[in-house]
Amino acid sequence: MKLQSIKYGILALACGLCGACEDEPAVQGSGAEVKEYRVAVVMPGENQSRWERVISWAMEDLEKAQRGLSRKVKLKVEWKDENAPDLEDYLKAVAADSDVAAVIGPYHSSSARMASACCGARRKTLILPTASSVELQRSCAGKDFLWALSESDIGQCEVMLTQALMDGAENVYLLSREDDYGQSFIDWFTFQAVELGLMSQGNYTYSTPEDMAVALDKINARFEDLRHDDVFQTLLFAPSRTEDAVWLDSLVRIHPEWKLRGINLICSDMVYAPTLAGRLTSGLNWGGMALAADPVSGFPTVYQVKYGDEPLNGESHLYDALVFLAYGLTALQWEPESGLNEALKRVVDGRAAYDGGWMADDMRQAFALLQSGVYPNLVGVTGNWDFDEEKYTSVLHSAYAHWSYTPEDGFHTWDYLSTDGSRRTSSTLAGWNWAVSRMESFDENAIDPAYPSLQHNWCVLVAASEGWANYRHQADVYAMYQLMKRHGYDDDHIILVAEDDIAWNPKNLYPGVVRVHRDGGNVYDGIRIDYRLDDLKPEDLEAILAGEAGGRTPYVVAGDEHTNVFLFWSGHGVYNGLNWGEGYEMLRGQQLGKMIRKAYERGNYRKMFVALEACYGGSMAEACKGIPGVVFMTAANAGETSKADVQDYEMNIWLSNGFTRAFQETIDANPSISLRDLYYKLARNTVGSHVSVYNEALYGNIFRNTMSEYLRE
């Protein structure tokens, strides 16, 4: 009853606040200066009446909040349906229109990417209430035009998995649309599941209902296999379109043989939509997470009093976007020469004492302070507007409502979660076990095999992609080449494979220069390339590693039983495959295992260290287990992607991958580091994937074996 009384207390307060706002006398300052700004609001048309009433509410509150002030800002909102066929033309037009102060929206990440391209070219302020694609936010970071009022879907994926953990799940599955929105979940699901101690049963993707049926059939088969083990299983569903939920519901209805009605279903925010009411009738256990207002702001309760139902996903964020913009435009009047984006930076950086909130009386105090050049520590209905102080791209934390749905009762909110546990939300950190506490353990007493003496060293460096967009793969391989040169290698003992199409690429603003840090040196300097990708096929690597020189492979590892070989590979990967160039050629795990085993049988190496910087790299290493004298260290395990790390905003490309950057920095700092300590260092410094070690049992004691064996100093 205590919780119920708290809710009734908030309800009474909300009624009082609403009444106070409505009855406030219209006190107008004589001769007040009013500056009007055009604003384009782009949201989906199917809920237009909901968006428009929130816009009207925000406009009313902004007008009341500025009564009695000598200067005021007024927003003139222009509505655009996000689903309109001419959306791109419209966005280009408003981005180029100097009379339009800013664009608010779109709602979906796919449309937001289009808006970011249009607005970014003109540095037009773009405020995204809900679009939360990781790649969208990363690609716009530091460009000073995009302001996302929700954290990226890394956070949403995290709270969904946390809810699964709190529900008692042991096994988790992911079903997501194969697009920009879904990719965020694909990239982070397995990593975060492992961090939480959950067992990932795979990522399944779809683009059409037919694809979804195939994916669900596979999930059902796995679900039935594990159901008999009496383990609690959860399916995470991350559709980028609301209608995808209808696909899922319909497929379950027409496949009564599936047992998925018994699975715990946690959906992303796109399913929390009133348009689905009465349409989900399959008997699935519908539930999930949705972006929400700060639970202590009172916004959801005031909304219910005002409109008679719960807020739609994104309504609180749209309200905040309008207020946020009004604050920025007020700050702009104080320093008009700075531009709106700089004014918004000052607004979010403000830390002056301020006890207010989002109601009109509170906002009046905020407007008065901003007009006097003081920047208070502002909050909105969605919580604190704390942005990254370097990139200013998205808020650091969001609140999520935990909801359920039944055909009889519709949507119902149970509680709230966030990634920081603030302001009456449950923290995901309560169930979060950080990677440093979950790293692999190794046998400190392992006995080394009897190896011959070490007399020679070779290294093979492969950049397996081509094209400007894949800059980081060649850059990392060139940096690894420079690392080996610094540590004693000559060109006769380095085999370098790279397409060599980025240093002098027309898009390179610094011809002949390749960097892995924005202010770093030229890693292309002095490079000697032995093979371009077009010169070889993936199977030619077998002859190179085995030392079989021939017409296609004149440069090979001329090794013997006294030779240590270091193989570094950087490129794209899929499960059990490494891409070769931009075509359809691929090196499979079994092929790589066959190649290394042949080199072993020919006595062409003493020890071999293979470092793989590629998505799903662990799957390649798993296929090579059982070969004596070889150890693998991969940037990602068998079920996850690896992540780009250093971005050049001027050229709009990624310069380096996290695993490779950490690898190089660690070796330069300590060339004699043990392989165990190298692993620990990389695991702590590689974000978004689990660095993994494979086949160490047939290699030796990695506490005693060191990297110095692979250097020539």
# chains A, B, ... in the order shown; residues from 1 in each chain; ligands from 1
$ residues_around --residues "Ala636 of chain A" --least-positions-apart "2" --cutoff "9 Å" --atoms "only C-alpha atoms" --output "PyMOL selection string"
chain A and resi 191+612-618+633-634+638-643+659+688-692
$ closest_atom_pairs --of "segment 341-428 of chain A" --to "segment 55-60 of chain A" --cutoff "12 Å" --atoms "only C-alpha atoms" --output "Markdown table"
| residue | atom | partner | partner_atom | distance |
| --- | --- | --- | --- | --- |
| A:Trp358 | CA | A:Ala58 | CA | 10.1 |
| A:Met359 | CA | A:Ala58 | CA | 10.1 |
| A:Ala360 | CA | A:Glu60 | CA | 8.9 |
| A:Met363 | CA | A:Ala58 | CA | 11.4 |
| A:Gly380 | CA | A:Ala58 | CA | 11.7 |
| A:Val381 | CA | A:Ala58 | CA | 11.3 |
$ select_by_dssp --residues "segment 598-670 of chain A" --states "alpha helix (DSSP H)" --output "PyMOL selection string"
chain A and resi 598-601+617-622+658-669
$ residues_around --residues "Asp244 of chain A" --least-positions-apart "6" --cutoff "10 Å" --atoms "only C-alpha atoms" --output "list in words"
Ser176, Arg177, Tyr206, Ser207, Thr208, Pro209, Met212, Phe237, Ala238, Ser250, Met270 and Val271 of chain A
$ write_last_selection --atoms "N, CA and C atoms" --output "mmCIF file, in the first residue's frame"
data_model
loop_
_atom_site.group_PDB
_atom_site.id
_atom_site.type_symbol
_atom_site.label_atom_id
_atom_site.label_comp_id
_atom_site.auth_asym_id
_atom_site.auth_seq_id
_atom_site.Cartn_x
_atom_site.Cartn_y
_atom_site.Cartn_z
ATOM 1 N N SER A 176 16.389 -9.450 -34.525
ATOM 2 C CA SER A 176 16.428 -8.028 -34.861
ATOM 3 C C SER A 176 16.354 -7.830 -36.361
ATOM 4 N N ARG A 177 15.823 -6.680 -36.735
ATOM 5 C CA ARG A 177 15.765 -6.327 -38.159
ATOM 6 C C ARG A 177 17.171 -6.002 -38.651
ATOM 7 N N TYR A 206 16.351 -10.504 -39.781
ATOM 8 C CA TYR A 206 15.326 -10.623 -40.815
ATOM 9 C C TYR A 206 15.178 -9.289 -41.523
ATOM 10 N N SER A 207 14.620 -9.331 -42.727
ATOM 11 C CA SER A 207 14.237 -8.133 -43.472
ATOM 12 C C SER A 207 12.802 -8.220 -43.956
ATOM 13 N N THR A 208 12.320 -9.435 -44.110
ATOM 14 C CA THR A 208 10.968 -9.684 -44.622
ATOM 15 C C THR A 208 10.255 -10.664 -43.692
ATOM 16 N N PRO A 209 8.937 -10.801 -43.816
ATOM 17 C CA PRO A 209 8.236 -11.814 -43.020
ATOM 18 C C PRO A 209 8.779 -13.219 -43.264
ATOM 19 N N MET A 212 11.856 -13.623 -41.271
ATOM 20 C CA MET A 212 11.515 -13.762 -39.858
ATOM 21 C C MET A 212 11.031 -15.173 -39.560
ATOM 22 N N PHE A 237 13.594 -8.962 -28.736
ATOM 23 C CA PHE A 237 13.067 -8.630 -30.058
ATOM 24 C C PHE A 237 13.314 -7.146 -30.303
ATOM 25 N N ALA A 238 14.100 -6.825 -31.346
ATOM 26 C CA ALA A 238 14.487 -5.441 -31.634
ATOM 27 C C ALA A 238 14.083 -5.068 -33.057
ATOM 28 N N SER A 250 1.639 -12.753 -35.974
ATOM 29 C CA SER A 250 0.942 -13.543 -36.992
ATOM 30 C C SER A 250 1.645 -14.864 -37.249
ATOM 31 N N MET A 270 10.265 0.149 -29.956
ATOM 32 C CA MET A 270 9.402 0.306 -31.120
ATOM 33 C C MET A 270 8.070 -0.436 -30.991
ATOM 34 N N VAL A 271 8.000 -1.394 -30.081
ATOM 35 C CA VAL A 271 6.765 -2.169 -29.921
ATOM 36 C C VAL A 271 5.797 -1.471 -28.961
#
$ residues_around --residues "Ala215 of chain A" --least-positions-apart "3" --cutoff "9 Å" --atoms "only C-alpha atoms" --output "PyMOL selection string"
chain A and resi 175+204-206+210-212+218-220
$ select_by_dssp --residues "segment 454-701 of chain A" --states "strand (DSSP E)" --output "MDAnalysis selection string"
chainID A and resid 456:463 494:497 563:570 573:574 577:579 586:588 607:613 630:634 644:648 653:657 692:694
$ closest_residue --among "A:Asp668, A:Asp409, A:Asp645, A:Asp309" --to "His473 of chain A" --atoms "only C-alpha atoms"
A:Asp645
$ closest_residue --among "A:Asp530, A:Asp448, A:Glu466, A:Asp249" --to "Val497 of chain A" --atoms "only C-alpha atoms"
A:Asp530
$ atom_distance --atom1 "atom CA of Tyr307 of chain A" --atom2 "atom CA of His412 of chain A"
16.0 Å
$ residues_around --residues "Ser132 of chain A" --least-positions-apart "6" --cutoff "10 Å" --atoms "only C-alpha atoms" --output "list in words"
Tyr107, His108, Ser109, Ser110, Ala112, Ala148, Leu149, Ser150, Glu151, Ser152, Asp153, Ile154, Gly155, Gln156, Asp180, Tyr181, Ser184 and Ser394 of chain A
$ closest_residue --among "A:Pro300, A:Ser338, A:Glu178, A:Asn652" --to "Lys507 of chain A" --atoms "only C-alpha atoms"
A:Asn652
$ residues_around --residues "Ala141 of chain A" --least-positions-apart "6" --cutoff "9 Å" --atoms "only C-alpha atoms" --output "VMD selection string"
chain A and resid 390 to 394 649
$ residues_around --residues "Glu33 of chain A" --least-positions-apart "6" --cutoff "8 Å" --atoms "only C-alpha atoms" --output "PyMOL selection string"
chain A and resi 70-72
$ closest_residue --among "A:Gln365, A:Ser133, A:Asn705, A:Gln163" --to "Lys64 of chain A" --atoms "only C-alpha atoms"
A:Gln365
$ closest_residue --among "A:Thr162, A:Ser708, A:Thr660, A:Gln183" --to "Leu136 of chain A" --atoms "only C-alpha atoms"
A:Gln183
$ closest_residue --among "A:Arg602, A:Gln137, A:Val302, A:Leu541" --to "Leu396 of chain A" --atoms "only C-alpha atoms"
A:Gln137
$ atom_distance --atom1 "atom CA of Glu622 of chain A" --atom2 "atom CA of Gly202 of chain A"
16.4 Å
